[in-house]
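For reference, target.cif is printed below; it contains mmCIF, C-alpha atoms.
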```cif
data_final
loop_
_atom_site.label_atom_id
_atom_site.label_comp_id
_atom_site.auth_asym_id
_atom_site.auth_seq_id
_atom_site.Cartn_x
_atom_site.Cartn_y
_atom_site.Cartn_z
CA MET A 1277 7.37 -55.81 11.55
CA ARG A 1278 10.08 -53.64 10.08
CA ARG A 1279 8.35 -53.53 6.69
CA ARG A 1280 5.14 -52.43 8.33
CA ASP A 1281 6.96 -49.58 10.17
CA ILE A 1282 8.72 -48.48 7.00
CA PHE A 1283 5.39 -48.46 5.15
CA ARG A 1284 3.72 -46.38 7.89
CA LEU A 1285 6.61 -43.94 7.94
CA SER A 1286 6.50 -43.57 4.16
CA LEU A 1287 2.75 -43.06 4.23
CA ALA A 1288 3.00 -40.42 6.96
CA GLY A 1289 5.80 -38.61 5.09
CA SER A 1290 3.81 -38.56 1.87
CA ALA A 1291 0.73 -37.20 3.63
CA GLY A 1292 2.88 -34.50 5.19
CA LEU A 1293 4.25 -33.44 1.83
CA PHE A 1294 0.80 -33.20 0.30
CA GLY A 1295 -0.40 -31.23 3.30
CA LEU A 1296 2.35 -28.62 2.84
CA ARG A 1297 1.56 -27.81 -0.77
CA PRO A 1298 -1.61 -25.75 -0.12
CA VAL A 1299 0.22 -23.77 2.56
CA LYS A 1300 3.05 -23.00 0.19
CA ALA A 1301 0.61 -21.87 -2.52
CA ALA A 1302 -1.19 -19.60 -0.05
CA ALA A 1303 2.10 -17.99 0.95
CA VAL A 1304 2.82 -17.12 -2.70
CA GLU A 1305 -0.55 -15.39 -3.03
CA GLU A 1306 0.18 -13.21 0.02
CA GLU A 1307 3.35 -11.71 -1.49
CA ARG A 1308 1.47 -8.53 -2.52
CA GLN A 1309 2.64 -5.77 -0.22
CA LYS A 1310 0.26 -3.23 1.29
CA VAL A 1311 1.86 0.14 1.99
CA ALA A 1312 0.53 3.48 3.23
CA TYR A 1313 2.66 6.50 2.34
CA HIS A 1314 2.28 9.50 4.64
CA LEU A 1315 2.91 12.89 3.03
CA SER A 1316 2.64 16.17 4.90
CA ASP A 1317 5.79 18.13 3.96
CA LEU A 1318 5.52 20.29 0.86
CA ASP A 1319 9.23 19.98 0.13
CA LYS A 1320 8.96 16.16 -0.02
CA VAL A 1321 6.16 15.85 -2.61
CA GLY A 1322 8.46 15.09 -5.55
CA PHE A 1323 10.62 12.81 -3.42
CA ILE A 1324 7.67 10.72 -2.23
CA LEU A 1325 6.13 10.49 -5.70
CA GLY A 1326 9.52 9.18 -6.83
CA ASN A 1327 9.55 6.67 -3.97
CA ILE A 1328 6.10 5.43 -4.95
CA LYS A 1329 7.18 5.02 -8.58
CA ASN A 1330 10.28 3.11 -7.47
CA HIS A 1331 8.16 0.97 -5.14
CA TYR A 1332 5.85 -0.06 -8.00
CA GLU A 1333 8.79 -0.82 -10.25
CA GLY A 1334 10.77 -2.63 -7.55
CA THR A 1335 7.91 -5.00 -6.78
CA GLY A 1336 6.86 -5.50 -10.37
CA GLY A 1337 3.54 -3.88 -9.53
CA LYS A 1338 2.81 -6.43 -6.80
CA VAL A 1339 2.04 -3.76 -4.24
CA GLU A 1340 -1.02 -1.91 -3.08
CA ILE A 1341 -0.04 1.65 -2.25
CA VAL A 1342 -2.26 4.21 -0.57
CA LEU A 1343 -1.07 7.80 -0.40
CA VAL A 1344 -2.42 9.93 2.47
CA VAL A 1345 -1.77 13.66 2.14
CA HIS A 1346 -2.37 16.33 4.76
CA GLY A 1347 -0.88 19.59 5.91
CA PRO A 1348 1.14 21.87 3.65
CA ALA A 1349 1.79 19.08 1.09
CA LEU A 1350 -1.84 19.15 0.02
CA ALA A 1351 -1.30 22.50 -1.71
CA ALA A 1352 0.97 20.77 -4.26
CA PHE A 1353 -2.02 18.79 -5.54
CA ASN A 1354 -4.32 21.77 -6.13
CA SER A 1355 -5.29 21.37 -9.79
CA LYS A 1356 -5.11 25.13 -10.42
CA SER A 1357 -1.59 25.58 -9.11
CA ALA A 1358 0.05 22.13 -9.38
CA SER A 1359 3.21 22.09 -11.44
CA ALA A 1360 3.16 20.14 -14.68
CA ALA A 1361 5.81 17.79 -13.25
CA ILE A 1362 3.79 16.99 -10.12
CA SER A 1363 0.56 16.65 -12.10
CA SER A 1364 2.02 14.21 -14.63
CA ARG A 1365 3.92 12.18 -12.01
CA PHE A 1366 0.82 11.96 -9.85
CA SER A 1367 -1.49 10.89 -12.67
CA GLY A 1368 0.97 8.17 -13.65
CA LEU A 1369 0.98 6.79 -10.11
CA VAL A 1370 -2.70 6.83 -9.22
CA ARG A 1371 -3.43 3.11 -9.15
CA GLU A 1372 -4.86 3.03 -5.68
CA THR A 1373 -6.91 5.75 -4.07
CA PRO A 1374 -5.02 8.76 -2.73
CA HIS A 1375 -6.63 10.36 0.31
CA ALA A 1376 -6.69 14.04 1.22
CA CYS A 1377 -7.22 15.03 4.83
CA ALA A 1378 -10.65 16.65 5.22
CA ASN A 1379 -9.37 18.71 8.15
CA THR A 1380 -6.57 20.16 6.00
CA MET A 1381 -8.96 20.81 3.11
CA HIS A 1382 -11.25 22.70 5.48
CA GLY A 1383 -8.35 24.66 7.00
CA MET A 1384 -6.94 25.58 3.59
CA ASP A 1385 -10.39 26.24 2.10
CA ILE A 1386 -9.82 23.60 -0.60
CA ALA A 1387 -12.63 21.44 -1.95
CA LEU A 1388 -12.10 17.90 -3.17
CA THR A 1389 -12.93 19.13 -6.69
CA ASP A 1390 -10.00 21.58 -6.44
CA LEU A 1391 -7.52 18.71 -6.19
CA LEU A 1392 -6.04 16.63 -8.98
CA ASP A 1393 -8.34 13.85 -10.20
CA GLY A 1394 -8.37 10.69 -8.15
CA PHE A 1395 -8.37 12.04 -4.61
CA HIS A 1396 -10.87 10.92 -2.02
CA ALA A 1397 -11.48 12.73 1.24
CA ALA A 1398 -10.24 11.19 4.47
CA GLU A 1399 -13.32 12.44 6.31
CA THR A 1400 -12.04 11.64 9.79
CA GLY A 1401 -8.61 13.11 9.07
CA GLY A 1402 -5.36 12.03 7.47
CA VAL A 1403 -3.76 10.66 10.62
CA VAL A 1404 -6.90 8.70 11.48
CA LYS A 1405 -6.89 7.23 7.95
CA LEU A 1406 -3.26 6.21 8.39
CA ALA A 1407 -4.07 4.45 11.67
CA GLU A 1408 -6.99 2.64 10.00
CA LEU A 1409 -4.74 1.48 7.17
CA GLN A 1410 -2.16 0.20 9.65
CA ARG A 1411 -4.88 -1.73 11.45
CA GLN A 1412 -5.77 -3.28 8.07
CA GLY A 1413 -2.21 -4.54 7.67
CA TYR A 1414 -0.63 -1.72 5.66
CA ALA A 1415 3.01 -0.94 6.34
CA TYR A 1416 3.48 2.72 7.28
CA LEU A 1417 6.10 4.72 5.39
CA ARG A 1418 6.97 8.34 5.94
CA PRO A 1419 10.10 9.07 3.93
#
```

Structure translated into structure tokens:
Amino acid sequence: MRRRDIFRLSLAGSAGLFGLRPVKAAAVEEERQKVAYHLSDLDKVGFILGNIKNHYEGTGGKVEIVLVVHGPALAAFNSKSASAAISSRFSGLVRETPHACANTMHGMDIALTDLLDGFHAAETGGVVKLAELQRQGYAYLRP
């Protein structure tokens, strides 16, 4: 009887080990972070672009970053007046879609075509877009 119990225990342990392998593999695939950066302060544009660069480098590119810009910060991305530093840093970071608040664009009389290449309009507003991203599992960062 003891041999039979030992055999059953070994068989159950082996089945348990094989059952854990797919779970472990799935956990590795989910390591890609999803982050929404919120930018509204004009004086923080360079700082946040630096944070995004560091975030990509720190994760080895295993991150999905969405930048949502509204308020005074949007003026920094106007293609006619953007500094060369902001323009080059921004173009180097556009891997995911940056979103510009449609309400801010309307208030500042800025069209989507006036912004640096890559922007999409957050038609329902920047803060609404941020809430939608959070609902989709994005971590919210506002440095």

How far is it from atom CA of A:Gly1336 to atom CA of A:Asp1393, in Å with one decimal? 24.6 Å

Name the residues in contact with A:Gly1383 at a cut-off of 12 Å, using all atoms listed in the file, excluding same-chain residues fewer than 3 positions from it; report them as an mmCIF file with C-alpha atoms, keeping the file's coordinate frame.
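Writing the result to around-v9.cif gives the following:
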```
data_model
loop_
_atom_site.group_PDB
_atom_site.id
_atom_site.type_symbol
_atom_site.label_atom_id
_atom_site.label_comp_id
_atom_site.auth_asym_id
_atom_site.auth_seq_id
_atom_site.Cartn_x
_atom_site.Cartn_y
_atom_site.Cartn_z
ATOM 1 C CA HIS A 1346 -2.370 16.330 4.760
ATOM 2 C CA GLY A 1347 -0.880 19.590 5.910
ATOM 3 C CA PRO A 1348 1.140 21.870 3.650
ATOM 4 C CA LEU A 1350 -1.840 19.150 0.020
ATOM 5 C CA ALA A 1351 -1.300 22.500 -1.710
ATOM 6 C CA CYS A 1377 -7.220 15.030 4.830
ATOM 7 C CA ALA A 1378 -10.650 16.650 5.220
ATOM 8 C CA ASN A 1379 -9.370 18.710 8.150
ATOM 9 C CA THR A 1380 -6.570 20.160 6.000
ATOM 10 C CA ILE A 1386 -9.820 23.600 -0.600
ATOM 11 C CA ALA A 1387 -12.630 21.440 -1.950
ATOM 12 C CA GLY A 1401 -8.610 13.110 9.070
#
```

Residue members of the PyMOL selection byres ((chain A and resi 1358-1370) around 10) in the file shown, as a PyMOL selection string: chain A and resi 1321-1322+1325-1326+1328-1329+1332+1341-1343+1351-1357+1371-1374+1391-1395

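Between atom CA of A:Lys1405 and atom CA of A:Gly1337 the separation is 23.2 Å.
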
Long-range neighbours of A:Leu1406 as a count of residues only, 9 Å cut-off, all atoms listed in the file, 2 positions minimum in chain: 14

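Taking all atoms listed in the file into account, A:Ala1349 lies nearest to A:Lys1320 out of the set A:Lys1320, A:Lys1310, A:His1375, A:His1396.
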
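The closest residue to A:Glu1340, picked from A:Ser1316, A:Gln1412, A:Thr1400, A:Gln1309 and counting only C-alpha atoms, is A:Gln1309.
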
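Between atom CA of A:Pro1419 and atom CA of A:Asp1317 the interatomic distance comes to 10.0 Å.
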
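Take the candidates A:Phe1323, A:Val1339, A:Ala1376, A:Arg1308 and check each one against A:Arg1418 using only C-alpha atoms; the shortest distance goes to A:Phe1323.
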